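Asker: This is the structure, below, for whatever I ask next.
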Amino acid sequence: MPPELRKPQEFPWRLTEGESGNRYQSRRCTTENTASGQSDNPGQMKTGEARTGGLLSGKHGSLVQYFIAAAGVCLVLIACTPLAGFLGYHSIGLVLLAAITSLSLFLDIGPVILAAVLSALGWDYLFIPPVFDVTRHGVEEIIMLVMYFCVAGVMGTLTSRLRAQDRARRKAQETTAALFSLTRDLSRAVSIDDVVRLATKNMEFYFGAKAAVCLLEEGETEVLNEHSESSFALGEEEMASAVRAIGMERMIGRGAEPDGDDTTAFVPVLGPRRPLGVIILRWNSPAASTPLDIPLVEAFVKQIAVAMERESLSERQKKAGLVEESERLYKTLFSSLSHEVRTPLSTIIGASENLKEALIVENGSLRGEIVREIQAAAERLNRVLGNLLDMTRLEAGLMRPNFEWCDMSDIVTNCVRTIRDELGTHAVRLDLPSNGPLVRADSVLMEQVVKNLLINAAMYTPPGTAISVRARPMDSRYVIEVEDQGPGVPENARKKVFEKFFRLPTSRAGGTGLGLSICKGVIEAHGGIIGLESGEGGGARFVIAIPLTDRKLPTIDDET
Amino acid sequence: MKKQLTVLIVDDEEEIRRFLEIAFHTNGYQVVHAASAGEAVAQFNARQPAAVILDLGLPDADGKEVLMKIRHTSSVPVVILSVRSSEQDIIECLDAGADDYVVKPFRPGELFARLRNALRRYQSTETPRTYTIGRLSIDLSARTVRKGAEHVKLTATEYELLSVFLENLGKVLTHKYILRRIRGPQMGTDVEYLRVFIRSLRKKLEEDPSDPRLFVTESGIGYRLVLPEEADSAGVSAVL
């Protein structure tokens, strides 16, 4: 579920202090959210950067401030007039001082000085005797007036400077938090698409704009492709601006060009090696009173560039790895194919050619032998192709087990029955439970595994030796063991036998090097494991263990 | 000698048709060919063959469509002969009314055994009430089963299961078909019940329950009741 991002709202009547209080509170929420794992959200913090100031900043803002200063002083002076009867003009001076200090809490230095001057004059004119006269004063009154003016001015300046510092600090904190949230998001991205999605979300959230991302085609300087995660589609003109931003390697549009388009900004994403793309921000309204925090935008984009570069490198590496792997696979496949397919084919071609020989046509037993050879070669060819097809399906992820409740004893017995001919002189000893639990598995694939193991055992052991198959439930697993009486597999090769096309150097011709890797693929698709150990007589013992789902045999209520 | 049966062979590969024709002639059948689905339907209507050998991958349509068209008007044996070996394809064809399914590459001996089975089922006008299979003698009317001299007690469901198998002697029955027959139309998916019933039926009726020869498993598809004399040729179904 995409997190719901609150759009920055404007409260023109609200002073910045009031807003910042809220902001702190919601930032605590952010931290808690992160801790509880809801970190897909770039923070609930309400954006402020783009909108700092509001009513009380900017060109018009300062005029308003002066007006507030004058009006405030006048109001306080008027309010003090009735008090003059029973309070001394000293006390009135203190009241005025308090008012100036309060005003300095939300006004800039200029308006505060104005308020100080006005209040000093007003105090003198209205309250210091002789009232309604600013010219005739004793030394004491003059000193007091000067002192009052100094105190008011200094206090006002100090308070307002403190406030400015506080504001700067808070802004820095917010910038840090925004960048932190972005970096945290980006660090979780595992693909370029992820990076683009998270970048778009964060940019939209912190800058209160819609964001679109265009990626530069590799090796090109002007071919931009708009990413599907973008929030809006770009027009032709905007595309041209985006290309221009890349060419200039700097941000253009809102905030960067005073006379330019005020609702859109084009920020090039510059990676360490090459430009990667452009992020386009679009605002609904040309809000002149909310200047864009360009350094923050640039810091954002720098982070995004790093993440994009990282992902593009890792994607390229992955691709290179895949190519290498498939090249290796193809090489082995071709060498294996040419051998494994051509050998039986030569037998078939050669033997059928022989059948035409007059001598053989007349000799019944010789003819029979040749026909058997052709049959055996054809069957071997069929097996090679079957294995290759299975392997390809497994590699392509097409071999998904079709899980059903299976009777493993039945699967093993059926398998032995169907391949008895292929096992030749090898006897198969079965040790299977007659009333074992049903196993959640794909019966066809499991039969394939047992079949491959049996054929493998028959192929690599001396004729006439027995192969034993043992199956039983063990704890939470169902274990099947296929053990032969051959020479076994040296310990260092035991893991490798499950690799594709791996064959022991000593093994005789006829195998594909695929059977065991198919077994491994199938067993792993069942959530099980397959291993090779040394049997009791030194032969090879393959052990399969697949998870046993806890389910009793269905009890059947059945009348005789 | 009895009248030769005509078999319609539908396959788009000429080599396969030629080789099958030789094999069918040697086994005493007459052969009609079709290389496409359209031709197959036309030939079927014109020649009224006694059985059909049907490939699935035809150039103009899927063989399943031919099967369905044939089943609209006729219940003659249809044996599917295809390279498609997925259980899903096999089950779909069997459920759509195919009598049997043989995967290419195949042994002609096996194809003929399956075809003979299908023809026998089709030709027998009434279902026999008594059977003798090896040492087993079964009397469906009297509801008695004996193994040698010994009387075998079957539960009601086992008896039902056995009659479903006898009715379709030699035919692959899908899990769904058997379950619907013995447990009702809505119970087509509880394969575990079927496994348990088969286990107990084998325990009671097979000579060696750990090496069943009568109730043979068709992996991923279902079960088949094989007659002992045909076990040798029919028992190799999954090899090719």
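FYI, nothing fancy with the structure tokens labels: chains A, B, ... in order, residues from 1 per chain, ligands from 1 as they appear.
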I'd like the neighbourhood of His175 in chain B as a ChimeraX atom specification, where a residue qualifies if any of its atoms comes within 9 Å (using only C-alpha atoms), though same-chain residues fewer than 6 positions away should be ignored.
Answerer: /B:188-191,194,220-223
Asker: When you look at Ala545 in chain A with a cut-off of 6 Å (counting only C-alpha atoms), what residues show up, excluding the ones that are within fewer than 6 positions of it in the same chain? I need them as number ranges by chain.
Answerer: A: 477-479, 528-529
Asker: Can you pull out the residues contacting Gly537 in chain A? Cut-off 9 Å, using only C-alpha atoms, and skip same-chain residues under 3 positions away; I want them as a list in words.
Answerer: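 With the cut-off at 9 Å, the set is Asp484, Gln485, Gly486, Pro487, Gly488, Ser534 and Ala540 of chain A.
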Asker: I need the alpha helix (DSSP H) residues of range 34-161 of chain B per DSSP on the backbone, written as a PyMOL selection string.
Answerer: chain B and resi 37-47+63-73+87-95+108-123+156-161
Asker: Could you check which of A:Gly538, A:Pro547, A:Pro437, A:Gly531 is closest to chain B, using only C-alpha atoms?
Answerer: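 Smallest separation from chain B among the options: A:Pro437.
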Asker: Would you please give, as a PyMOL selection string, all residues of range 94-240 of chain B that DSSP assigns to strand (DSSP E) based on the backbone?
Answerer: chain B and resi 100-103+130-133+136-139+144-147+150-152+172-174+215-218+222-225
Asker: Given the selection you just returned, output its residues as a file containing C-alpha atoms, formatted as a short mmCIF file (atom, residue, chain, number, x, y, z; two decimals), in the first residue's frame.
Answerer:
```
data_model
loop_
_atom_site.label_atom_id
_atom_site.label_comp_id
_atom_site.auth_asym_id
_atom_site.auth_seq_id
_atom_site.Cartn_x
_atom_site.Cartn_y
_atom_site.Cartn_z
CA ASP B 100 -6.19 -43.94 -23.56
CA TYR B 101 -3.10 -41.84 -23.98
CA VAL B 102 0.30 -42.94 -25.31
CA VAL B 103 3.26 -40.57 -25.26
CA THR B 130 -18.22 -62.18 -12.83
CA TYR B 131 -14.50 -61.87 -13.33
CA THR B 132 -11.49 -64.11 -12.87
CA ILE B 133 -8.20 -62.30 -12.61
CA LEU B 136 -9.11 -63.65 -7.85
CA SER B 137 -12.70 -64.47 -8.59
CA ILE B 138 -15.18 -61.65 -8.31
CA ASP B 139 -18.95 -61.84 -8.53
CA THR B 144 -18.37 -61.67 -3.25
CA VAL B 145 -14.64 -61.69 -3.81
CA ARG B 146 -12.42 -64.70 -3.35
CA LYS B 147 -8.66 -65.00 -3.50
CA GLU B 150 -10.18 -67.65 0.75
CA HIS B 151 -13.10 -65.24 1.06
CA VAL B 152 -12.03 -61.58 0.98
CA VAL B 172 -6.40 -45.27 -17.10
CA LEU B 173 -8.81 -43.66 -14.67
CA THR B 174 -8.03 -40.15 -13.47
CA PHE B 215 -3.88 -51.81 -9.53
CA VAL B 216 -1.09 -49.93 -11.26
CA THR B 217 -0.22 -46.32 -10.50
CA GLU B 218 -0.13 -43.87 -13.40
CA GLY B 222 -4.55 -41.88 -11.74
CA TYR B 223 -4.73 -45.68 -11.65
CA ARG B 224 -5.34 -48.53 -14.02
CA LEU B 225 -6.50 -52.08 -13.46
#
```
Asker: Distance table requested - chain B against chain A, cut-off 9 Å, only C-alpha atoms: one row per qualifying residue with the closest atom pair and its distance in Å to one decimal, ordered by chain and rising residue number, as JSON lines.
Answerer:
```
{"residue": "B:Glu87", "atom": "CA", "partner": "A:Val444", "partner_atom": "CA", "distance": 8.4}
{"residue": "B:Pro105", "atom": "CA", "partner": "A:Asn382", "partner_atom": "CA", "distance": 8.0}
{"residue": "B:Lys153", "atom": "CA", "partner": "A:Thr560", "partner_atom": "CA", "distance": 7.2}
{"residue": "B:Leu154", "atom": "CA", "partner": "A:Thr560", "partner_atom": "CA", "distance": 5.9}
{"residue": "B:Thr155", "atom": "CA", "partner": "A:Thr560", "partner_atom": "CA", "distance": 3.7}
{"residue": "B:Ala156", "atom": "CA", "partner": "A:Thr560", "partner_atom": "CA", "distance": 5.3}
{"residue": "B:Thr157", "atom": "CA", "partner": "A:Asp558", "partner_atom": "CA", "distance": 6.7}
{"residue": "B:Glu158", "atom": "CA", "partner": "A:Thr560", "partner_atom": "CA", "distance": 8.8}
{"residue": "B:Tyr159", "atom": "CA", "partner": "A:Thr560", "partner_atom": "CA", "distance": 8.9}
{"residue": "B:Asp190", "atom": "CA", "partner": "A:Trp405", "partner_atom": "CA", "distance": 8.7}
{"residue": "B:Val191", "atom": "CA", "partner": "A:Trp405", "partner_atom": "CA", "distance": 6.4}
{"residue": "B:Glu192", "atom": "CA", "partner": "A:Trp405", "partner_atom": "CA", "distance": 5.4}
{"residue": "B:Tyr193", "atom": "CA", "partner": "A:Pro554", "partner_atom": "CA", "distance": 6.3}
{"residue": "B:Arg195", "atom": "CA", "partner": "A:Asp407", "partner_atom": "CA", "distance": 6.8}
{"residue": "B:Val196", "atom": "CA", "partner": "A:Leu553", "partner_atom": "CA", "distance": 7.5}
{"residue": "B:Phe197", "atom": "CA", "partner": "A:Ile556", "partner_atom": "CA", "distance": 8.8}
{"residue": "B:Arg199", "atom": "CA", "partner": "A:Asn435", "partner_atom": "CA", "distance": 8.2}
{"residue": "B:Pro209", "atom": "CA", "partner": "A:Ser434", "partner_atom": "CA", "distance": 8.4}
{"residue": "B:Ser210", "atom": "CA", "partner": "A:Ser434", "partner_atom": "CA", "distance": 7.0}
{"residue": "B:Asp211", "atom": "CA", "partner": "A:Thr413", "partner_atom": "CA", "distance": 6.3}
{"residue": "B:Pro212", "atom": "CA", "partner": "A:Thr413", "partner_atom": "CA", "distance": 8.1}
{"residue": "B:Val216", "atom": "CA", "partner": "A:Asn414", "partner_atom": "CA", "distance": 7.6}
{"residue": "B:Thr217", "atom": "CA", "partner": "A:Asn414", "partner_atom": "CA", "distance": 6.5}
{"residue": "B:Glu218", "atom": "CA", "partner": "A:Asn414", "partner_atom": "CA", "distance": 8.3}
{"residue": "B:Ser219", "atom": "CA", "partner": "A:Val444", "partner_atom": "CA", "distance": 5.4}
{"residue": "B:Gly220", "atom": "CA", "partner": "A:Val444", "partner_atom": "CA", "distance": 5.5}
{"residue": "B:Ile221", "atom": "CA", "partner": "A:Val444", "partner_atom": "CA", "distance": 9.0}
{"residue": "B:Gly235", "atom": "CA", "partner": "A:Thr418", "partner_atom": "CA", "distance": 6.7}
{"residue": "B:Val236", "atom": "CA", "partner": "A:Thr418", "partner_atom": "CA", "distance": 5.3}
{"residue": "B:Ser237", "atom": "CA", "partner": "A:Thr418", "partner_atom": "CA", "distance": 7.2}
{"residue": "B:Ala238", "atom": "CA", "partner": "A:Thr418", "partner_atom": "CA", "distance": 6.1}
{"residue": "B:Val239", "atom": "CA", "partner": "A:Thr418", "partner_atom": "CA", "distance": 5.9}
{"residue": "B:Leu240", "atom": "CA", "partner": "A:Asn382", "partner_atom": "CA", "distance": 7.9}
```
Asker: Write a file of the selected residues as a CSV table (one decimal), in the first residue's frame, keeping N, CA and C atoms.
Answerer:
```csv
chain,number,residue,atom,x,y,z
B,87,GLU,N,1.2,-34.2,-17.4
B,87,GLU,CA,0.0,-34.9,-16.9
B,87,GLU,C,-1.3,-34.1,-17.1
B,105,PRO,N,8.1,-40.6,-27.9
B,105,PRO,CA,8.2,-41.9,-28.6
B,105,PRO,C,7.6,-43.1,-27.9
B,153,LYS,N,-13.1,-60.0,2.5
B,153,LYS,CA,-14.1,-59.0,2.9
B,153,LYS,C,-13.7,-57.6,2.4
B,154,LEU,N,-14.6,-57.0,1.7
B,154,LEU,CA,-14.3,-55.6,1.3
B,154,LEU,C,-15.3,-54.7,1.9
B,155,THR,N,-14.9,-53.5,2.2
B,155,THR,CA,-15.8,-52.5,2.7
B,155,THR,C,-16.7,-52.0,1.5
B,156,ALA,N,-17.7,-51.2,1.9
B,156,ALA,CA,-18.6,-50.7,0.8
B,156,ALA,C,-17.9,-49.9,-0.2
B,157,THR,N,-17.0,-49.0,0.3
B,157,THR,CA,-16.3,-48.1,-0.7
B,157,THR,C,-15.3,-48.9,-1.5
B,158,GLU,N,-14.6,-49.9,-0.9
B,158,GLU,CA,-13.6,-50.7,-1.6
B,158,GLU,C,-14.4,-51.5,-2.7
B,159,TYR,N,-15.5,-52.0,-2.4
B,159,TYR,CA,-16.3,-52.7,-3.4
B,159,TYR,C,-16.7,-51.8,-4.5
B,190,ASP,N,-10.0,-34.9,-3.2
B,190,ASP,CA,-9.3,-35.5,-2.0
B,190,ASP,C,-8.5,-36.7,-2.4
B,191,VAL,N,-7.3,-36.4,-3.1
B,191,VAL,CA,-6.5,-37.5,-3.5
B,191,VAL,C,-6.1,-38.4,-2.4
B,192,GLU,N,-5.9,-37.8,-1.2
B,192,GLU,CA,-5.4,-38.6,-0.1
B,192,GLU,C,-6.3,-39.7,0.3
B,193,TYR,N,-7.6,-39.5,0.1
B,193,TYR,CA,-8.6,-40.6,0.4
B,193,TYR,C,-8.4,-41.7,-0.5
B,195,ARG,N,-5.7,-42.5,-2.1
B,195,ARG,CA,-4.4,-43.2,-1.8
B,195,ARG,C,-4.7,-44.2,-0.8
B,196,VAL,N,-5.5,-43.9,0.2
B,196,VAL,CA,-5.7,-44.8,1.3
B,196,VAL,C,-6.6,-46.0,0.9
B,197,PHE,N,-7.6,-45.7,0.1
B,197,PHE,CA,-8.4,-46.8,-0.5
B,197,PHE,C,-7.6,-47.7,-1.3
B,199,ARG,N,-4.5,-48.3,-1.2
B,199,ARG,CA,-3.6,-49.0,-0.3
B,199,ARG,C,-4.3,-50.2,0.2
B,209,PRO,N,1.3,-57.0,-2.0
B,209,PRO,CA,0.9,-55.6,-2.0
B,209,PRO,C,2.0,-54.6,-2.1
B,210,SER,N,3.3,-55.0,-1.8
B,210,SER,CA,4.4,-54.1,-1.9
B,210,SER,C,4.9,-54.0,-3.4
B,211,ASP,N,4.4,-54.9,-4.2
B,211,ASP,CA,4.7,-54.8,-5.6
B,211,ASP,C,3.5,-55.0,-6.5
B,212,PRO,N,2.6,-54.0,-6.5
B,212,PRO,CA,1.3,-54.2,-7.1
B,212,PRO,C,1.4,-54.4,-8.6
B,216,VAL,N,-2.4,-50.6,-10.9
B,216,VAL,CA,-1.1,-49.9,-11.3
B,216,VAL,C,-1.2,-48.4,-11.2
B,217,THR,N,-0.2,-47.8,-10.6
B,217,THR,CA,-0.2,-46.3,-10.5
B,217,THR,C,0.2,-45.7,-11.8
B,218,GLU,N,-0.5,-44.7,-12.3
B,218,GLU,CA,-0.1,-43.9,-13.4
B,218,GLU,C,0.2,-42.5,-12.8
B,219,SER,N,1.5,-42.3,-12.7
B,219,SER,CA,2.0,-41.1,-11.9
B,219,SER,C,1.3,-39.8,-12.3
B,220,GLY,N,0.8,-39.1,-11.3
B,220,GLY,CA,0.3,-37.8,-11.5
B,220,GLY,C,-1.1,-37.8,-12.3
B,221,ILE,N,-1.5,-39.0,-12.7
B,221,ILE,CA,-2.8,-39.1,-13.5
B,221,ILE,C,-3.9,-39.8,-12.8
B,235,GLY,N,2.8,-52.6,-18.8
B,235,GLY,CA,3.4,-52.1,-17.6
B,235,GLY,C,4.6,-51.2,-17.9
B,236,VAL,N,4.8,-50.8,-19.2
B,236,VAL,CA,5.9,-50.0,-19.5
B,236,VAL,C,5.5,-48.6,-19.9
B,237,SER,N,4.2,-48.2,-19.4
B,237,SER,CA,3.6,-47.0,-19.9
B,237,SER,C,4.5,-45.8,-19.7
B,238,ALA,N,5.2,-45.7,-18.6
B,238,ALA,CA,5.9,-44.5,-18.2
B,238,ALA,C,7.3,-44.4,-18.8
B,239,VAL,N,7.7,-45.5,-19.4
B,239,VAL,CA,9.1,-45.4,-19.8
B,239,VAL,C,9.4,-44.5,-20.9
B,240,LEU,N,8.5,-44.5,-21.9
B,240,LEU,CA,8.8,-43.7,-23.1
B,240,LEU,C,8.1,-42.4,-23.1
```
Asker: Report as a ChimeraX atom specification all protein, DNA and RNA residues lying within 10 Å of Leu119 in chain B, evaluated on only C-alpha atoms, omitting residues in the same chain fewer than 6 positions from it.
Answerer: /B:50-51,76-78,99,113
Asker: Any idea what's packed within 12 Å of Leu81 in chain B, counting only C-alpha atoms, ignoring anything in its chain fewer than 3 positions away? Could you give it as a PyMOL selection string?
Answerer: chain B and resi 9-12+16-17+20+52-58+63-64+78+84-85+89-90+93+98-108+110-112+114-115+240
